[in-house]
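Colleague: This one is start-v5.pdb, PDB, C-alpha atoms and all ligand atoms.
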```pdb
MODEL        1
ATOM      1  CA  MET A 148      58.350 105.242 107.226  1.00  0.00           C
ATOM      2  CA  THR A 149      55.426 105.064 104.775  1.00  0.00           C
ATOM      3  CA  SER A 150      53.164 102.019 105.138  1.00  0.00           C
ATOM      4  CA  ASP A 151      51.825 100.057 102.158  1.00  0.00           C
ATOM      5  CA  ILE A 152      48.357 101.433 102.898  1.00  0.00           C
ATOM      6  CA  GLU A 153      49.616 105.021 102.889  1.00  0.00           C
ATOM      7  CA  THR A 154      51.557 104.443  99.647  1.00  0.00           C
ATOM      8  CA  SER A 155      48.494 103.012  97.972  1.00  0.00           C
ATOM      9  CA  LEU A 156      46.235 105.880  99.177  1.00  0.00           C
ATOM     10  CA  ARG A 157      48.776 108.454  97.930  1.00  0.00           C
ATOM     11  CA  GLU A 158      48.778 106.759  94.513  1.00  0.00           C
ATOM     12  CA  THR A 159      44.974 106.590  94.340  1.00  0.00           C
ATOM     13  CA  LEU A 160      44.638 110.220  95.409  1.00  0.00           C
ATOM     14  CA  THR A 161      47.067 111.271  92.653  1.00  0.00           C
ATOM     15  CA  GLU A 162      45.186 109.202  90.031  1.00  0.00           C
ATOM     16  CA  GLN A 163      41.794 110.522  91.110  1.00  0.00           C
ATOM     17  CA  TYR A 164      43.045 114.128  91.173  1.00  0.00           C
ATOM     18  CA  LYS A 165      44.207 113.726  87.563  1.00  0.00           C
ATOM     19  CA  TYR A 166      40.954 112.019  86.595  1.00  0.00           C
ATOM     20  CA  ALA A 167      38.883 114.844  88.151  1.00  0.00           C
ATOM     21  CA  GLU A 168      40.826 117.324  86.017  1.00  0.00           C
ATOM     22  CA  GLN A 169      40.440 115.134  82.912  1.00  0.00           C
ATOM     23  CA  ILE A 170      36.640 115.108  83.193  1.00  0.00           C
ATOM     24  CA  GLY A 171      36.550 118.884  83.704  1.00  0.00           C
ATOM     25  CA  LEU A 172      35.741 118.987  87.410  1.00  0.00           C
ATOM     26  CA  ASN A 173      38.941 120.697  88.490  1.00  0.00           C
ATOM     27  CA  GLU A 174      40.140 123.241  85.963  1.00  0.00           C
ATOM     28  CA  LEU A 175      43.185 125.324  86.915  1.00  0.00           C
ATOM     29  CA  SER A 176      43.637 123.613  90.290  1.00  0.00           C
ATOM     30  CA  SER A 177      40.427 124.928  91.771  1.00  0.00           C
ATOM     31  CA  GLY A 178      39.587 121.735  93.644  1.00  0.00           C
ATOM     32  CA  ASN A 179      41.062 119.465  96.279  1.00  0.00           C
ATOM     33  CA  LEU A 180      40.797 115.831  97.273  1.00  0.00           C
ATOM     34  CA  SER A 181      41.487 114.020 100.524  1.00  0.00           C
ATOM     35  CA  CYS A 182      41.047 110.660 102.179  1.00  0.00           C
ATOM     36  CA  ARG A 183      40.955 109.674 105.813  1.00  0.00           C
ATOM     37  CA  PHE A 184      44.192 108.150 107.035  1.00  0.00           C
ATOM     38  CA  GLU A 185      44.744 106.870 110.562  1.00  0.00           C
ATOM     39  CA  ASP A 186      43.623 109.703 112.888  1.00  0.00           C
ATOM     40  CA  GLY A 187      43.993 112.399 110.223  1.00  0.00           C
ATOM     41  CA  MET A 188      43.921 112.638 106.446  1.00  0.00           C
ATOM     42  CA  LEU A 189      45.976 112.743 103.271  1.00  0.00           C
ATOM     43  CA  ILE A 190      45.154 115.802 101.138  1.00  0.00           C
ATOM     44  CA  SER A 191      46.271 117.356  97.863  1.00  0.00           C
ATOM     45  CA  PRO A 192      48.854 120.105  98.446  1.00  0.00           C
ATOM     46  CA  SER A 193      48.257 123.836  98.153  1.00  0.00           C
ATOM     47  CA  GLY A 194      48.841 124.882  94.527  1.00  0.00           C
ATOM     48  CA  ALA A 195      48.448 121.320  93.210  1.00  0.00           C
ATOM     49  CA  SER A 196      47.841 120.771  89.521  1.00  0.00           C
ATOM     50  CA  ALA A 197      47.281 117.648  87.424  1.00  0.00           C
ATOM     51  CA  GLU A 198      50.764 118.168  85.907  1.00  0.00           C
ATOM     52  CA  THR A 199      52.629 118.428  89.196  1.00  0.00           C
ATOM     53  CA  ILE A 200      50.672 116.289  91.634  1.00  0.00           C
ATOM     54  CA  ALA A 201      52.555 113.130  92.657  1.00  0.00           C
ATOM     55  CA  PRO A 202      52.206 110.584  95.466  1.00  0.00           C
ATOM     56  CA  GLU A 203      55.160 112.100  97.341  1.00  0.00           C
ATOM     57  CA  ASN A 204      53.703 115.600  97.494  1.00  0.00           C
ATOM     58  CA  ILE A 205      50.341 114.599  98.965  1.00  0.00           C
ATOM     59  CA  VAL A 206      50.281 116.089 102.482  1.00  0.00           C
ATOM     60  CA  ARG A 207      49.554 114.168 105.657  1.00  0.00           C
ATOM     61  CA  VAL A 208      47.577 116.408 108.028  1.00  0.00           C
ATOM     62  CA  SER A 209      46.021 115.854 111.443  1.00  0.00           C
ATOM     63  CA  LEU A 210      42.393 116.905 111.863  1.00  0.00           C
ATOM     64  CA  ASP A 211      43.584 119.976 113.775  1.00  0.00           C
ATOM     65  CA  GLY A 212      45.930 121.083 111.020  1.00  0.00           C
ATOM     66  CA  GLU A 213      49.384 119.769 111.959  1.00  0.00           C
ATOM     67  CA  TRP A 214      51.151 118.738 108.777  1.00  0.00           C
ATOM     68  CA  GLU A 215      54.428 117.088 107.913  1.00  0.00           C
ATOM     69  CA  GLY A 216      56.908 117.740 105.119  1.00  0.00           C
ATOM     70  CA  ASP A 217      57.682 120.792 103.034  1.00  0.00           C
ATOM     71  CA  ARG A 218      54.389 121.030 101.113  1.00  0.00           C
ATOM     72  CA  LYS A 219      51.512 122.986 102.638  1.00  0.00           C
ATOM     73  CA  PRO A 220      48.132 121.241 102.600  1.00  0.00           C
ATOM     74  CA  SER A 221      45.304 122.649 100.459  1.00  0.00           C
ATOM     75  CA  SER A 222      43.963 125.901 101.925  1.00  0.00           C
ATOM     76  CA  GLU A 223      40.626 124.093 102.362  1.00  0.00           C
ATOM     77  CA  TRP A 224      41.990 121.482 104.805  1.00  0.00           C
ATOM     78  CA  ARG A 225      39.647 122.806 107.541  1.00  0.00           C
ATOM     79  CA  MET A 226      36.578 121.990 105.456  1.00  0.00           C
ATOM     80  CA  HIS A 227      37.846 118.448 104.789  1.00  0.00           C
ATOM     81  CA  ALA A 228      38.755 117.959 108.481  1.00  0.00           C
ATOM     82  CA  ALA A 229      35.335 119.228 109.620  1.00  0.00           C
ATOM     83  CA  VAL A 230      33.599 116.615 107.426  1.00  0.00           C
ATOM     84  CA  TYR A 231      35.737 113.752 108.817  1.00  0.00           C
ATOM     85  CA  GLN A 232      35.065 114.956 112.362  1.00  0.00           C
ATOM     86  CA  ALA A 233      31.304 115.223 111.853  1.00  0.00           C
ATOM     87  CA  GLN A 234      30.800 112.068 109.793  1.00  0.00           C
ATOM     88  CA  GLU A 235      32.383 108.816 110.843  1.00  0.00           C
ATOM     89  CA  SER A 236      31.489 107.069 107.578  1.00  0.00           C
ATOM     90  CA  ALA A 237      33.307 109.670 105.428  1.00  0.00           C
ATOM     91  CA  GLU A 238      36.473 108.091 104.047  1.00  0.00           C
ATOM     92  CA  ALA A 239      37.119 110.581 101.232  1.00  0.00           C
ATOM     93  CA  VAL A 240      36.177 114.193 100.477  1.00  0.00           C
ATOM     94  CA  VAL A 241      36.169 116.015  97.138  1.00  0.00           C
ATOM     95  CA  HIS A 242      35.788 119.778  96.683  1.00  0.00           C
ATOM     96  CA  THR A 243      35.503 121.355  93.221  1.00  0.00           C
ATOM     97  CA  HIS A 244      34.479 124.539  91.428  1.00  0.00           C
ATOM     98  CA  SER A 245      32.889 122.642  88.543  1.00  0.00           C
ATOM     99  CA  ASP A 246      30.859 124.834  86.165  1.00  0.00           C
ATOM    100  CA  TYR A 247      27.249 123.811  86.720  1.00  0.00           C
ATOM    101  CA  CYS A 248      27.625 123.421  90.480  1.00  0.00           C
ATOM    102  CA  VAL A 249      29.086 126.942  90.591  1.00  0.00           C
ATOM    103  CA  ALA A 250      26.231 128.264  88.421  1.00  0.00           C
ATOM    104  CA  LEU A 251      23.632 127.116  90.975  1.00  0.00           C
ATOM    105  CA  ALA A 252      25.788 127.983  94.004  1.00  0.00           C
ATOM    106  CA  CYS A 253      26.229 131.556  92.778  1.00  0.00           C
ATOM    107  CA  GLN A 254      22.436 131.951  92.841  1.00  0.00           C
ATOM    108  CA  LEU A 255      22.490 130.357  96.332  1.00  0.00           C
ATOM    109  CA  LEU A 256      20.091 127.775  94.946  1.00  0.00           C
ATOM    110  CA  PRO A 257      19.870 124.194  96.210  1.00  0.00           C
ATOM    111  CA  LEU A 258      19.513 121.473  93.601  1.00  0.00           C
ATOM    112  CA  PRO A 259      15.824 120.572  94.053  1.00  0.00           C
ATOM    113  CA  GLY A 260      14.255 117.151  93.643  1.00  0.00           C
ATOM    114  CA  PHE A 261      13.565 117.544  89.912  1.00  0.00           C
ATOM    115  CA  HIS A 262      14.884 114.058  89.040  1.00  0.00           C
ATOM    116  CA  TYR A 263      14.851 110.863  91.035  1.00  0.00           C
ATOM    117  CA  LEU A 264      18.656 110.558  91.011  1.00  0.00           C
ATOM    118  CA  VAL A 265      18.860 113.642  93.229  1.00  0.00           C
ATOM    119  CA  GLY A 266      17.950 111.021  95.818  1.00  0.00           C
ATOM    120  CA  SER A 267      21.343 109.388  95.343  1.00  0.00           C
ATOM    121  CA  PHE A 268      22.762 112.213  97.501  1.00  0.00           C
ATOM    122  CA  GLY A 269      20.674 110.995 100.426  1.00  0.00           C
ATOM    123  CA  GLY A 270      17.534 113.170 100.375  1.00  0.00           C
ATOM    124  CA  ASN A 271      15.058 115.093  98.247  1.00  0.00           C
ATOM    125  CA  ASP A 272      17.480 117.914  97.403  1.00  0.00           C
ATOM    126  CA  VAL A 273      21.142 118.925  97.544  1.00  0.00           C
ATOM    127  CA  PRO A 274      21.327 121.973  99.828  1.00  0.00           C
ATOM    128  CA  CYS A 275      23.408 125.094  99.273  1.00  0.00           C
ATOM    129  CA  VAL A 276      25.173 126.548 102.330  1.00  0.00           C
ATOM    130  CA  PRO A 277      25.684 130.335 102.646  1.00  0.00           C
ATOM    131  CA  TYR A 278      28.857 131.998 101.357  1.00  0.00           C
ATOM    132  CA  SER A 279      31.862 132.241 103.698  1.00  0.00           C
ATOM    133  CA  THR A 280      35.484 133.106 102.942  1.00  0.00           C
ATOM    134  CA  PHE A 281      37.508 130.149 101.633  1.00  0.00           C
ATOM    135  CA  GLY A 282      39.601 128.259 104.143  1.00  0.00           C
ATOM    136  CA  THR A 283      37.588 129.402 107.184  1.00  0.00           C
ATOM    137  CA  GLN A 284      36.181 127.269 109.978  1.00  0.00           C
ATOM    138  CA  THR A 285      32.713 128.736 109.308  1.00  0.00           C
ATOM    139  CA  LEU A 286      32.773 127.351 105.778  1.00  0.00           C
ATOM    140  CA  GLY A 287      33.994 124.006 107.139  1.00  0.00           C
ATOM    141  CA  ASP A 288      31.311 123.855 109.841  1.00  0.00           C
ATOM    142  CA  ASP A 289      28.500 124.776 107.419  1.00  0.00           C
ATOM    143  CA  ALA A 290      29.642 122.146 104.906  1.00  0.00           C
ATOM    144  CA  ALA A 291      30.136 119.450 107.564  1.00  0.00           C
ATOM    145  CA  ASN A 292      26.698 120.178 108.966  1.00  0.00           C
ATOM    146  CA  ALA A 293      25.045 119.851 105.538  1.00  0.00           C
ATOM    147  CA  LEU A 294      26.963 116.616 104.899  1.00  0.00           C
ATOM    148  CA  LYS A 295      25.468 114.983 107.995  1.00  0.00           C
ATOM    149  CA  THR A 296      22.261 114.207 106.097  1.00  0.00           C
ATOM    150  CA  ARG A 297      23.494 114.345 102.504  1.00  0.00           C
ATOM    151  CA  THR A 298      26.563 113.074 100.686  1.00  0.00           C
ATOM    152  CA  ALA A 299      27.027 116.413  98.868  1.00  0.00           C
ATOM    153  CA  CYS A 300      26.193 120.093  99.159  1.00  0.00           C
ATOM    154  CA  LEU A 301      26.717 123.267  97.171  1.00  0.00           C
ATOM    155  CA  LEU A 302      28.802 126.078  98.699  1.00  0.00           C
ATOM    156  CA  GLY A 303      27.308 129.551  98.136  1.00  0.00           C
ATOM    157  CA  ASN A 304      29.262 131.663  95.605  1.00  0.00           C
ATOM    158  CA  HIS A 305      31.960 129.009  95.596  1.00  0.00           C
ATOM    159  CA  GLY A 306      31.400 125.386  94.429  1.00  0.00           C
ATOM    160  CA  MET A 307      30.563 121.983  95.864  1.00  0.00           C
ATOM    161  CA  ILE A 308      31.822 119.404  98.338  1.00  0.00           C
ATOM    162  CA  CYS A 309      30.975 115.721  98.734  1.00  0.00           C
ATOM    163  CA  ARG A 310      31.973 112.730 100.808  1.00  0.00           C
ATOM    164  CA  GLY A 311      32.305 109.088  99.844  1.00  0.00           C
ATOM    165  CA  LYS A 312      33.352 105.703 101.127  1.00  0.00           C
ATOM    166  CA  ASN A 313      36.566 105.953  99.085  1.00  0.00           C
ATOM    167  CA  LEU A 314      38.288 108.387  96.711  1.00  0.00           C
ATOM    168  CA  LYS A 315      36.853 106.865  93.548  1.00  0.00           C
ATOM    169  CA  SER A 316      33.262 106.950  94.774  1.00  0.00           C
ATOM    170  CA  ALA A 317      33.676 110.534  96.048  1.00  0.00           C
ATOM    171  CA  VAL A 318      34.989 111.703  92.642  1.00  0.00           C
ATOM    172  CA  ASN A 319      32.116 109.848  90.936  1.00  0.00           C
ATOM    173  CA  LEU A 320      29.665 111.598  93.227  1.00  0.00           C
ATOM    174  CA  ALA A 321      31.188 115.008  92.371  1.00  0.00           C
ATOM    175  CA  HIS A 322      30.808 114.057  88.694  1.00  0.00           C
ATOM    176  CA  ARG A 323      27.194 112.987  89.217  1.00  0.00           C
ATOM    177  CA  LEU A 324      26.359 116.271  90.966  1.00  0.00           C
ATOM    178  CA  GLU A 325      27.897 118.250  88.094  1.00  0.00           C
ATOM    179  CA  ILE A 326      25.816 116.251  85.573  1.00  0.00           C
ATOM    180  CA  MET A 327      22.624 116.774  87.567  1.00  0.00           C
ATOM    181  CA  CYS A 328      23.192 120.516  88.006  1.00  0.00           C
ATOM    182  CA  ARG A 329      23.738 120.720  84.228  1.00  0.00           C
ATOM    183  CA  GLN A 330      20.497 118.823  83.593  1.00  0.00           C
ATOM    184  CA  TYR A 331      18.624 121.047  86.049  1.00  0.00           C
ATOM    185  CA  LEU A 332      19.864 124.182  84.310  1.00  0.00           C
ATOM    186  CA  LEU A 333      18.790 122.707  80.957  1.00  0.00           C
ATOM    187  CA  THR A 334      15.296 121.916  82.154  1.00  0.00           C
ATOM    188  CA  ARG A 335      14.964 125.383  83.744  1.00  0.00           C
ATOM    189  CA  GLN A 336      15.402 126.813  80.257  1.00  0.00           C
ATOM    190  CA  LEU A 337      12.070 125.204  79.350  1.00  0.00           C
ATOM    191  CA  GLY A 338      10.358 126.473  82.507  1.00  0.00           C
ATOM    192  CA  GLU A 339      10.055 125.331  86.121  1.00  0.00           C
ATOM    193  CA  PRO A 340      10.211 121.530  86.306  1.00  0.00           C
ATOM    194  CA  ASP A 341       7.750 119.508  88.354  1.00  0.00           C
ATOM    195  CA  LEU A 342       9.430 118.274  91.505  1.00  0.00           C
ATOM    196  CA  LEU A 343       8.907 114.768  92.853  1.00  0.00           C
ATOM    197  CA  THR A 344       6.253 114.654  95.564  1.00  0.00           C
ATOM    198  CA  ASP A 345       6.807 113.395  99.130  1.00  0.00           C
ATOM    199  CA  GLU A 346       5.005 110.208  98.188  1.00  0.00           C
ATOM    200  CA  GLN A 347       7.232 109.695  95.148  1.00  0.00           C
ATOM    201  CA  TRP A 348      10.315 110.240  97.314  1.00  0.00           C
ATOM    202  CA  ALA A 349       9.078 107.728  99.865  1.00  0.00           C
ATOM    203  CA  GLU A 350       8.653 105.185  97.073  1.00  0.00           C
ATOM    204  CA  PHE A 351      12.061 106.049  95.631  1.00  0.00           C
ATOM    205  CA  PHE A 352      13.886 105.510  98.926  1.00  0.00           C
ATOM    206  CA  ASP A 353      11.972 102.319  99.552  1.00  0.00           C
ATOM    207  CA  ARG A 354      12.977 100.973  96.144  1.00  0.00           C
ATOM    208  CA  ALA A 355      16.535 102.341  96.370  1.00  0.00           C
ATOM    209  CA  LYS A 356      17.069 100.311  99.540  1.00  0.00           C
ATOM    210  CA  LYS A 357      16.016  97.168  97.691  1.00  0.00           C
ATOM    211  CA  VAL A 358      18.257  97.739  94.661  1.00  0.00           C
ATOM    212  CA  SER A 359      21.136  99.196  96.705  1.00  0.00           C
ATOM    213  CA  TYR A 360      21.209 102.732  95.369  1.00  0.00           C
ATOM    214  CA  GLY A 361      22.314 103.030  98.965  1.00  0.00           C
ATOM    215  CA  ARG A 362      25.838 102.689  97.639  1.00  0.00           C
ATOM    216  CA  TYR A 363      25.682 106.414  96.937  1.00  0.00           C
ATOM    217  CA  ILE A 364      24.309 107.176 100.382  1.00  0.00           C
TER
HETATM  218 ZN    ZN B   1      37.224 126.154  96.600  1.00  0.00          ZN
ENDMDL
END
```
Is it possible to express this structure as structure tokens?
Ligand SMILES: [Zn+2]

Modeller:
Amino acid sequence: MTSDIETSLRETLTEQYKYAEQIGLNELSSGNLSCRFEDGMLISPSGASAETIAPENIVRVSLDGEWEGDRKPSSEWRMHAAVYQAQESAEAVVHTHSDYCVALACQLLPLPGFHYLVGSFGGNDVPCVPYSTFGTQTLGDDAANALKTRTACLLGNHGMICRGKNLKSAVNLAHRLEIMCRQYLLTRQLGEPDLLTDEQWAEFFDRAKKVSYGRYI
């Protein structure tokens, strides 16, 4: 029996999956979305696409990989589960292969503190974790570890992952990271940008607390 809460989360996940595709974050089904539900999660199915995804084919999975129904969960369920296990405040997780995130991740480059809004991911950079094969526990553990102190990280030779307090804010965060990686690549074309100093970061975080940029963190 599906509860009202589960029905509503399945609908939101479907909407946000389609929205992520619409804004170019998830071309050809290369990403996946999940939200925490009871002691596990709801996640987009393996082989999902914006055309076929529907509330009824979202998969309910426990954090150790038991799933129900005839659809397999996304092959990256371990990475999503690892984030929920490591971070109590994570209510939704988004993973994409969006262009500019991939461009940096394939150079194994973190996004440095070239712009103050990098701080909206919780620190003075967005780290990049080393490459591991998709779907593995190593990839999940590396991502979950990076997401303890940041709301997003890049995945070496792969893409990005982020966590949010709900599906909408997690998709917005994935969008923001894509925008900022694009802006970083643009500024690199003019030379190395100046990075914010430690003092400037201290002032940023002080001010962010006052004006509730903390909503991203
Ligand atoms: Zn992937």

Colleague: All residues within 10 Å of ligand ZN 1 (chain B) are required, counting all atoms listed in the file; please report them as number ranges by chain.

Modeller: A: 173, 176-179, 221-223, 226, 242-245, 280-282, 302, 304-308

Colleague: Just checking: using all atoms listed in the file, which residue out of A:Leu332, A:Ala195, A:Cys248, A:Val206 ends up closest to Cys275 (chain A)?

Modeller: A:Cys248

Colleague: If the PyMOL selection byres (((chain A and resi 286) around 10) and not hetatm) were run on this exact file, what residues would it hold? Put them as number ranges by chain.

Modeller: A: 223, 225-226, 229, 276-285, 287-292, 302-303

Colleague: At what distance in Å, to one decimal, does CA of Pro202 (chain A) lie from CA of Leu160 (chain A)?

Modeller: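 CA of Pro202 (chain A) lies at a distance of 7.6 Å from CA of Leu160 (chain A).
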
Colleague: Please identify all polymer residues lying at most 12 Å from the point (46.5, 121.1, 104.7) (file coordinates), using only C-alpha atoms, and present the result as a VMD selection string.

Modeller: chain A and resid 179 to 181 187 to 195 204 to 228 282

Colleague: For Gly311 (chain A), which residue among A:Thr298, A:Thr149, A:Gln336, A:Thr159 is the nearest when counting all atoms listed in the file?

Modeller: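 Among the listed residues, A:Thr298 lies closest to Gly311 (chain A).
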
Colleague: Any chance you could resolve the PyMOL selection byres (((chain A and resi 321) around 12) and not hetatm) against this file and give the residues as a PDB file with C-alpha atoms, in the frame of the given file?

Modeller:
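Writing the result to result_18.pdb gives the following:
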```pdb
ATOM      1  CA  GLN A 163      41.794 110.522  91.110  1.00  0.00           C
ATOM      2  CA  TYR A 164      43.045 114.128  91.173  1.00  0.00           C
ATOM      3  CA  TYR A 166      40.954 112.019  86.595  1.00  0.00           C
ATOM      4  CA  ALA A 167      38.883 114.844  88.151  1.00  0.00           C
ATOM      5  CA  GLU A 168      40.826 117.324  86.017  1.00  0.00           C
ATOM      6  CA  ILE A 170      36.640 115.108  83.193  1.00  0.00           C
ATOM      7  CA  GLY A 171      36.550 118.884  83.704  1.00  0.00           C
ATOM      8  CA  LEU A 172      35.741 118.987  87.410  1.00  0.00           C
ATOM      9  CA  ASN A 173      38.941 120.697  88.490  1.00  0.00           C
ATOM     10  CA  GLY A 178      39.587 121.735  93.644  1.00  0.00           C
ATOM     11  CA  ASN A 179      41.062 119.465  96.279  1.00  0.00           C
ATOM     12  CA  LEU A 180      40.797 115.831  97.273  1.00  0.00           C
ATOM     13  CA  ALA A 239      37.119 110.581 101.232  1.00  0.00           C
ATOM     14  CA  VAL A 240      36.177 114.193 100.477  1.00  0.00           C
ATOM     15  CA  VAL A 241      36.169 116.015  97.138  1.00  0.00           C
ATOM     16  CA  HIS A 242      35.788 119.778  96.683  1.00  0.00           C
ATOM     17  CA  THR A 243      35.503 121.355  93.221  1.00  0.00           C
ATOM     18  CA  HIS A 244      34.479 124.539  91.428  1.00  0.00           C
ATOM     19  CA  SER A 245      32.889 122.642  88.543  1.00  0.00           C
ATOM     20  CA  ASP A 246      30.859 124.834  86.165  1.00  0.00           C
ATOM     21  CA  TYR A 247      27.249 123.811  86.720  1.00  0.00           C
ATOM     22  CA  CYS A 248      27.625 123.421  90.480  1.00  0.00           C
ATOM     23  CA  SER A 267      21.343 109.388  95.343  1.00  0.00           C
ATOM     24  CA  PHE A 268      22.762 112.213  97.501  1.00  0.00           C
ATOM     25  CA  VAL A 273      21.142 118.925  97.544  1.00  0.00           C
ATOM     26  CA  THR A 298      26.563 113.074 100.686  1.00  0.00           C
ATOM     27  CA  ALA A 299      27.027 116.413  98.868  1.00  0.00           C
ATOM     28  CA  CYS A 300      26.193 120.093  99.159  1.00  0.00           C
ATOM     29  CA  LEU A 301      26.717 123.267  97.171  1.00  0.00           C
ATOM     30  CA  GLY A 306      31.400 125.386  94.429  1.00  0.00           C
ATOM     31  CA  MET A 307      30.563 121.983  95.864  1.00  0.00           C
ATOM     32  CA  ILE A 308      31.822 119.404  98.338  1.00  0.00           C
ATOM     33  CA  CYS A 309      30.975 115.721  98.734  1.00  0.00           C
ATOM     34  CA  ARG A 310      31.973 112.730 100.808  1.00  0.00           C
ATOM     35  CA  GLY A 311      32.305 109.088  99.844  1.00  0.00           C
ATOM     36  CA  LEU A 314      38.288 108.387  96.711  1.00  0.00           C
ATOM     37  CA  LYS A 315      36.853 106.865  93.548  1.00  0.00           C
ATOM     38  CA  SER A 316      33.262 106.950  94.774  1.00  0.00           C
ATOM     39  CA  ALA A 317      33.676 110.534  96.048  1.00  0.00           C
ATOM     40  CA  VAL A 318      34.989 111.703  92.642  1.00  0.00           C
ATOM     41  CA  ASN A 319      32.116 109.848  90.936  1.00  0.00           C
ATOM     42  CA  LEU A 320      29.665 111.598  93.227  1.00  0.00           C
ATOM     43  CA  HIS A 322      30.808 114.057  88.694  1.00  0.00           C
ATOM     44  CA  ARG A 323      27.194 112.987  89.217  1.00  0.00           C
ATOM     45  CA  LEU A 324      26.359 116.271  90.966  1.00  0.00           C
ATOM     46  CA  GLU A 325      27.897 118.250  88.094  1.00  0.00           C
ATOM     47  CA  ILE A 326      25.816 116.251  85.573  1.00  0.00           C
ATOM     48  CA  MET A 327      22.624 116.774  87.567  1.00  0.00           C
ATOM     49  CA  CYS A 328      23.192 120.516  88.006  1.00  0.00           C
ATOM     50  CA  TYR A 363      25.682 106.414  96.937  1.00  0.00           C
TER      51      TYR A 363
END
```

Colleague: Please report the interatomic distance between CA of Gln347 (chain A) and CA of Leu255 (chain A) in Å with one decimal.

Modeller: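 Separation of CA of Gln347 (chain A) and CA of Leu255 (chain A): 25.7 Å.
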
Colleague: Between CA of Thr161 (chain A) and CA of Ile200 (chain A), what is the distance, to one decimal in Å?

Modeller: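 Result for CA of Thr161 (chain A) versus CA of Ile200 (chain A): 6.3 Å, one decimal.
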
Colleague: From the set A:Gly260, A:Val230, A:Glu153, A:Lys312, which residue has the shortest atom-to-atom contact distance to Thr296 (chain A), counting all atoms listed in the file?

Modeller: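 Looking at the shortest contact to Thr296 (chain A), the residue is A:Val230.
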
Colleague: Between A:Glu235, A:Pro340, A:Gly269, A:Arg329, which one has atoms that come closest to Val249 (chain A), using all atoms listed in the file?

Modeller: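 Selected residue with least distance to Val249 (chain A): A:Arg329.
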
Colleague: Which residues are near Tyr231 (chain A)? Cut-off 8 Å, all atoms listed in the file, ignore same chain within fewer than 6 positions. Put them as a VMD selection string.

Modeller: chain A and resid 183 210 237 to 238

Colleague: Kindly resolve the PyMOL selection byres (((chain A and resi 349-351) around 12) and not hetatm) on the present coordinates and return the residues as a list in words.

Modeller: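 Applied to this file, the PyMOL selection byres (((chain A and resi 349-351) around 12) and not hetatm) returns Gly260, His262, Tyr263, Leu264, Val265, Gly266, Ser267, Gly269, Gly270, Asn271, Leu343, Thr344, Asp345, Glu346, Gln347, Trp348, Phe352, Asp353, Arg354, Ala355, Lys356, Lys357, Val358, Ser359, Tyr360 and Gly361 of chain A.
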
Colleague: Could you write those residues out with C-alpha atoms, as an mmCIF file, in the frame of the given file?

Modeller:
```
data_model
loop_
_atom_site.group_PDB
_atom_site.id
_atom_site.type_symbol
_atom_site.label_atom_id
_atom_site.label_comp_id
_atom_site.auth_asym_id
_atom_site.auth_seq_id
_atom_site.Cartn_x
_atom_site.Cartn_y
_atom_site.Cartn_z
ATOM 1 C CA GLY A 260 14.255 117.151 93.643
ATOM 2 C CA HIS A 262 14.884 114.058 89.040
ATOM 3 C CA TYR A 263 14.851 110.863 91.035
ATOM 4 C CA LEU A 264 18.656 110.558 91.011
ATOM 5 C CA VAL A 265 18.860 113.642 93.229
ATOM 6 C CA GLY A 266 17.950 111.021 95.818
ATOM 7 C CA SER A 267 21.343 109.388 95.343
ATOM 8 C CA GLY A 269 20.674 110.995 100.426
ATOM 9 C CA GLY A 270 17.534 113.170 100.375
ATOM 10 C CA ASN A 271 15.058 115.093 98.247
ATOM 11 C CA LEU A 343 8.907 114.768 92.853
ATOM 12 C CA THR A 344 6.253 114.654 95.564
ATOM 13 C CA ASP A 345 6.807 113.395 99.130
ATOM 14 C CA GLU A 346 5.005 110.208 98.188
ATOM 15 C CA GLN A 347 7.232 109.695 95.148
ATOM 16 C CA TRP A 348 10.315 110.240 97.314
ATOM 17 C CA PHE A 352 13.886 105.510 98.926
ATOM 18 C CA ASP A 353 11.972 102.319 99.552
ATOM 19 C CA ARG A 354 12.977 100.973 96.144
ATOM 20 C CA ALA A 355 16.535 102.341 96.370
ATOM 21 C CA LYS A 356 17.069 100.311 99.540
ATOM 22 C CA LYS A 357 16.016 97.168 97.691
ATOM 23 C CA VAL A 358 18.257 97.739 94.661
ATOM 24 C CA SER A 359 21.136 99.196 96.705
ATOM 25 C CA TYR A 360 21.209 102.732 95.369
ATOM 26 C CA GLY A 361 22.314 103.030 98.965
#
```

Colleague: Given the block above, output region 221-225 of chain A with N, CA, C and O atoms as an mmCIF file, in the first residue's frame.

Modeller:
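Below is the file that was written, part-v7.cif:
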```
data_model
loop_
_atom_site.group_PDB
_atom_site.id
_atom_site.type_symbol
_atom_site.label_atom_id
_atom_site.label_comp_id
_atom_site.auth_asym_id
_atom_site.auth_seq_id
_atom_site.Cartn_x
_atom_site.Cartn_y
_atom_site.Cartn_z
ATOM 1 N N SER A 221 18.550 2.398 -10.337
ATOM 2 C CA SER A 221 19.715 2.931 -11.032
ATOM 3 C C SER A 221 20.971 2.179 -10.596
ATOM 4 O O SER A 221 21.124 1.831 -9.418
ATOM 5 N N SER A 222 21.887 1.975 -11.530
ATOM 6 C CA SER A 222 23.129 1.244 -11.198
ATOM 7 C C SER A 222 23.976 2.017 -10.187
ATOM 8 O O SER A 222 24.915 1.473 -9.613
ATOM 9 N N GLU A 223 23.662 3.283 -9.958
ATOM 10 C CA GLU A 223 24.412 4.074 -8.976
ATOM 11 C C GLU A 223 23.727 4.113 -7.610
ATOM 12 O O GLU A 223 24.014 4.996 -6.796
ATOM 13 N N TRP A 224 22.862 3.151 -7.299
ATOM 14 C CA TRP A 224 22.154 3.207 -6.011
ATOM 15 C C TRP A 224 23.129 3.190 -4.834
ATOM 16 O O TRP A 224 22.859 3.798 -3.800
ATOM 17 N N ARG A 225 24.282 2.516 -4.986
ATOM 18 C CA ARG A 225 25.247 2.459 -3.865
ATOM 19 C C ARG A 225 25.769 3.849 -3.492
ATOM 20 O O ARG A 225 25.975 4.152 -2.331
#
```
